Structure formats: structure tokens, C-alpha cells
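**Q** Before we start, here is the structure in question, set down as C-alpha cells.
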2 protein chains.
Amino acid sequence: MRLYDYPGAPNPRRVRIFMAEKGVEIETIRVDLAVKEQFSPAYRAINARCLVPTLVLDDGTAIDESVAICRYLEEVFPEPPLMGVDARDKALVEMWQRRMELDGLAAAAEALRNSAKGLQGRALVGPHGYEQIPALVARGKARLVDFYADLDARLAESAYVAGDRFTIADITAFVTIEFATSRMKLGFAPALRAIARWRAMVEARPSMRIQSAI
Amino acid sequence: MRLYDYPGAPNPRRVRIFMAEKGVEIETIRVDLAVKEQFSPAYRAINARCLVPTLVLDDGTAIDESVAICRYLEEVFPEPPLMGVDARDKALVEMWQRRMELDGLAAAAEALRNSAKGLQGRALVGPHGYEQIPALVARGKARLVDFYADLDARLAESAYVAGDRFTIADITAFVTIEFATSRMKLGFAPALRAIARWRAMVEARPSMRIQSAI
């Protein structure tokens, strides 16, 4: 199989961290988002939705959506488990992963994609162009503040986002914070001590140092 | 276990259809969204995120996010499988489920929640109030048109959304169409024959007639 990837973007990074945690190496092909290569005819033939990352299996099956790619890897390389170990745990990991993504990563993307000059006409990912809406910049920032407050409350009572174990929910939360901080200076407030405690612990994992294989 | 539910809303309906397909019956408690009961202190004690549905297990664990609730039910009641049968299939079902949700259901919700008078100050679900943004009504409608075109292309080449078998991706797609059509008259165009073929087939399933148990 092979992975279509781009360094620096948050969704590809989620998949790369997931792979590193499992010790999985996959042939990687760079799709240069900086020159809009994802809209090229060659890439559209691989993924008509123009999303990166995309995992292509040996039988030609193309899988996009980072969490769906992680699901495949979790099934094929089950150790260490990053998406839960029994029914209750799998449901809780999925719940927390979705909360991190919908409340956090989507908020950061909303603020960035509606303000960056290079993303005019591309306020949402995918093949259909949507214009930027200036009011969404402020909303994205407000959502991120709420997200940080909620995350801090959670981490004040739980070692990791989804419980006692590092999971995909931690990956999404960590990448969200990195993305919001580095791209928009929208980091969490120092008063949020529980996030700071958790972030230092997660940052020490070797997988977090991997920016890209390409 | 018990399910906190409300008839008429699309996310609770997704879970009810999923349960009906598996023949699962769960004690159901009504949370009256029409009078904002999800924001009551009693319900906040169950789910601080104020979301419906919420599944509460016998040990008191509360699970929100409809897909996470379905994940739990899939693990505990595996037959018939609605979230995939092997690594490749599970990944493809997750991919298609997410596409239906992010491209379809989220678009319909964007159009409705930014225009309905009863949802002023609540343009996004959850405990944090966000004001309506009028420009999102037109964007939500435009996204829904694109969603229908993409779904028609998919169903022209596949019996069901995620392949040869009925899955959670069909449930999300069907509920999205019902929601957009009944609440906003934003149904798909008659020219989209592949959707019409699929919709007639899915609508005939007994699970689709279940509006609510309460």
C-alpha cells in the first residue's frame, strides 16, 4: 500500500503519528498542497474528493478521511491499540475522538480557512469551491476558546483524553493545538494547567517529533 | 442501559434506525428539545455537552455522539454488521459514513440552524451558544446541492453507499435526505435517478418507518 501525504497539514500529521505509534512504515508519495497538486487530473484520478491523506491499498482501493485510514491500520496492525480495547472503550474513544475533531480541529480550521489569503474560494476542503465568510473567523476563534476550556476540565479528571491510555483522541487533540498555535497563534491560555500537564506528557512521545517522512 | 432520545431530530433517528436494523430494544427516555430540556440541570448532569441522543450504560458511563453510540451497539450486538466486516470494509464504511455526515448532514444542519427562528443563538449544537450567520444558509444549501450530485454519482456505480451491503452510511444518507426535505424542502432533484433508485430500496426497509419509540 501507499500513502499520499503532505508535511505540515494537520490531517496528514494525524495519520503519520498514528503510524509511528504502531511502528508502521508505508511507501509515501508527496502531494504538494502548496501548488494545489491535489486538484491535478492525476490526483483526482486517485481521489476525486481531492483530499490528502489518501491510503491506496494493493488492490487499488483508495481510502480518504484520516480516521478511516486509521481504522484500517488499527485492524491490520492492532498493537498497540489506539482506538479502544472492548465495546465500552471503543465507544468512548470514538466519542472523544469526535469531540476533539468537531469541537477543536474543525474550529481551528474554520478560523484559518476563512482568513488565509491562499485559501480564498476554498473555505472548505474538497473539490467544491466555497467562498470565505469573514464572520467565521471570529466564530472559529470563539469555538477554540470554548474547546480549550472543555478540554482542560476533561484533563483535570483524566490522564489522557479518552481515559487512562493514549489513543487517537490524544493525537487529534495534540495536532489541533499544534496547528492552532503554529498557524494562528491561537494556543491555550497558561492558566489551563491540566492541558499543559497533558501536553508535556504527550509531547515527549517519539511519534510527536515526526513531522513528515517526505 | 437507557437511551435519552427525542423524536424528529436527525441524530436520534440515526441511532433508532441502527437499533431497529439489529432488533435491539433499549429503555428510552424522552428529552424534550422543543422546550430546551437538554439544557436543564438534570440533563446536564447526565451529559454536560447537552447533546441528544445519549446512551447511558448500566455502570453509569454516558456515551454521546451518535456514531459512537452505534459503535457500542455494533460491538455488543454484531449481527447484522452495519459498520463493516473486515479491515478494508470497516475502513470503507467509516469513510463513506463520514462523507455522508460531513458533506451531507452537516450541510443540511448548517442551512437549518442558521435560519430557524427557534435556533437563534444556537447555530451549533452543544452547551456554548453561537449566533446565527446568515451567509451560512446559502452555503449550506449550496453544499447540499453538491452533496446530492456526488451521492448520485456514487449510487450510479454502487448498490448501497458503502458497497454491496446496507450499512450505517446508508442510514446517515437517508436521514439527511429526510431531514433536508421535510424541514427545509431541500430534497434532491428528480433528475438524480441513482439516488431515487437507492432511496426507494432503502425506504422499503421496516427500520425506516420507525420515527420514535416515545
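Naming works like this for the C-alpha cells: A, B, ... for the chains as they're shown, residue 1 at the start of each chain, ligands 1 onward in shown order.
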Return as a list in words the residues belonging to chain B that are within 7 Å of chain A, counting only C-alpha atoms.

**A**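 Taking only C-alpha atoms into account, Ile63, Asp64, Glu65, Ala68, Ile69, Arg71, Tyr72, Glu75, Val76, Ala87, Arg88, Ala91, Leu92, Glu94 and Met95 of chain B sit within 7 Å of chain A.
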
**Q** Considering only C-alpha atoms, return as JSON, numbers by chain whatever protein or nucleic-acid residues lie within 9 Å of Arg30 of chain A, sequence-local ones (same chain, fewer than 4 positions apart) excluded.

**A** {"A": [3, 4, 5, 6, 7, 214]}

**Q** What gap, in Å, lies between atom CA of Arg13 of chain B and atom CA of Pro80 of chain B?

**A**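 It comes out at 18.5 Å.
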
**Q** Between atom CA of Leu155 of chain A and atom CA of Met100 of chain A, what distance in Å does the model show, to one decimal?

**A**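 Interatomic distance, atom CA of Leu155 of chain A to atom CA of Met100 of chain A: 12.5 Å.
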
**Q** Going by DSSP on the backbone, which residues of segment 48-87 of chain A come out as strand (DSSP E)? List them as a PyMOL selection string.

**A** chain A and resi 54-56+62-63

**Q** Could you write those residues out with N, CA and C atoms, as a PDB file, in the first residue's frame?

**A**
ATOM      1  N   THR A  54      -4.559  10.219   1.477  1.00  0.00           N
ATOM      2  CA  THR A  54      -5.313   9.094   0.932  1.00  0.00           C
ATOM      3  C   THR A  54      -4.426   7.858   1.028  1.00  0.00           C
ATOM      4  N   LEU A  55      -4.995   6.776   1.514  1.00  0.00           N
ATOM      5  CA  LEU A  55      -4.286   5.487   1.572  1.00  0.00           C
ATOM      6  C   LEU A  55      -4.797   4.620   0.424  1.00  0.00           C
ATOM      7  N   VAL A  56      -3.884   4.129  -0.415  1.00  0.00           N
ATOM      8  CA  VAL A  56      -4.276   3.247  -1.511  1.00  0.00           C
ATOM      9  C   VAL A  56      -3.755   1.840  -1.208  1.00  0.00           C
ATOM     10  N   ALA A  62      -8.929   3.026  -2.698  1.00  0.00           N
ATOM     11  CA  ALA A  62      -8.472   4.295  -2.133  1.00  0.00           C
ATOM     12  C   ALA A  62      -9.334   4.666  -0.934  1.00  0.00           C
ATOM     13  N   ILE A  63      -8.685   4.987   0.187  1.00  0.00           N
ATOM     14  CA  ILE A  63      -9.389   5.359   1.417  1.00  0.00           C
ATOM     15  C   ILE A  63      -8.965   6.768   1.802  1.00  0.00           C
TER      16      ILE A  63
END

**Q** Could you pull out the alpha helix (DSSP H) residues of chain B from DSSP and send them as a PyMOL selection string?

**A** chain B and resi 10-22+41-46+66-76+87-99+106-113+135-155+168-184+193-203

**Q** Using only C-alpha atoms, which of the listed residues (B:Ile26, B:Ala108, B:Ala116, B:Val161) sits closest to Val145 of chain B?

**A**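 So, comparing all the options, the nearest one is B:Ala108.
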
**Q** Just checking: using only C-alpha atoms, which residue out of B:Thr28, B:Thr176, B:Thr167, B:Ser207 ends up closest to Pro81 of chain B?

**A**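 Residue with the minimum atom-to-atom distance to Pro81 of chain B: B:Thr167.
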
**Q** Of the candidates A:Gly118, A:Lys36, A:Arg44, A:Phe166, which shows the shortest atom-to-atom distance to Met201 of chain A, using only C-alpha atoms?

**A** A:Phe166
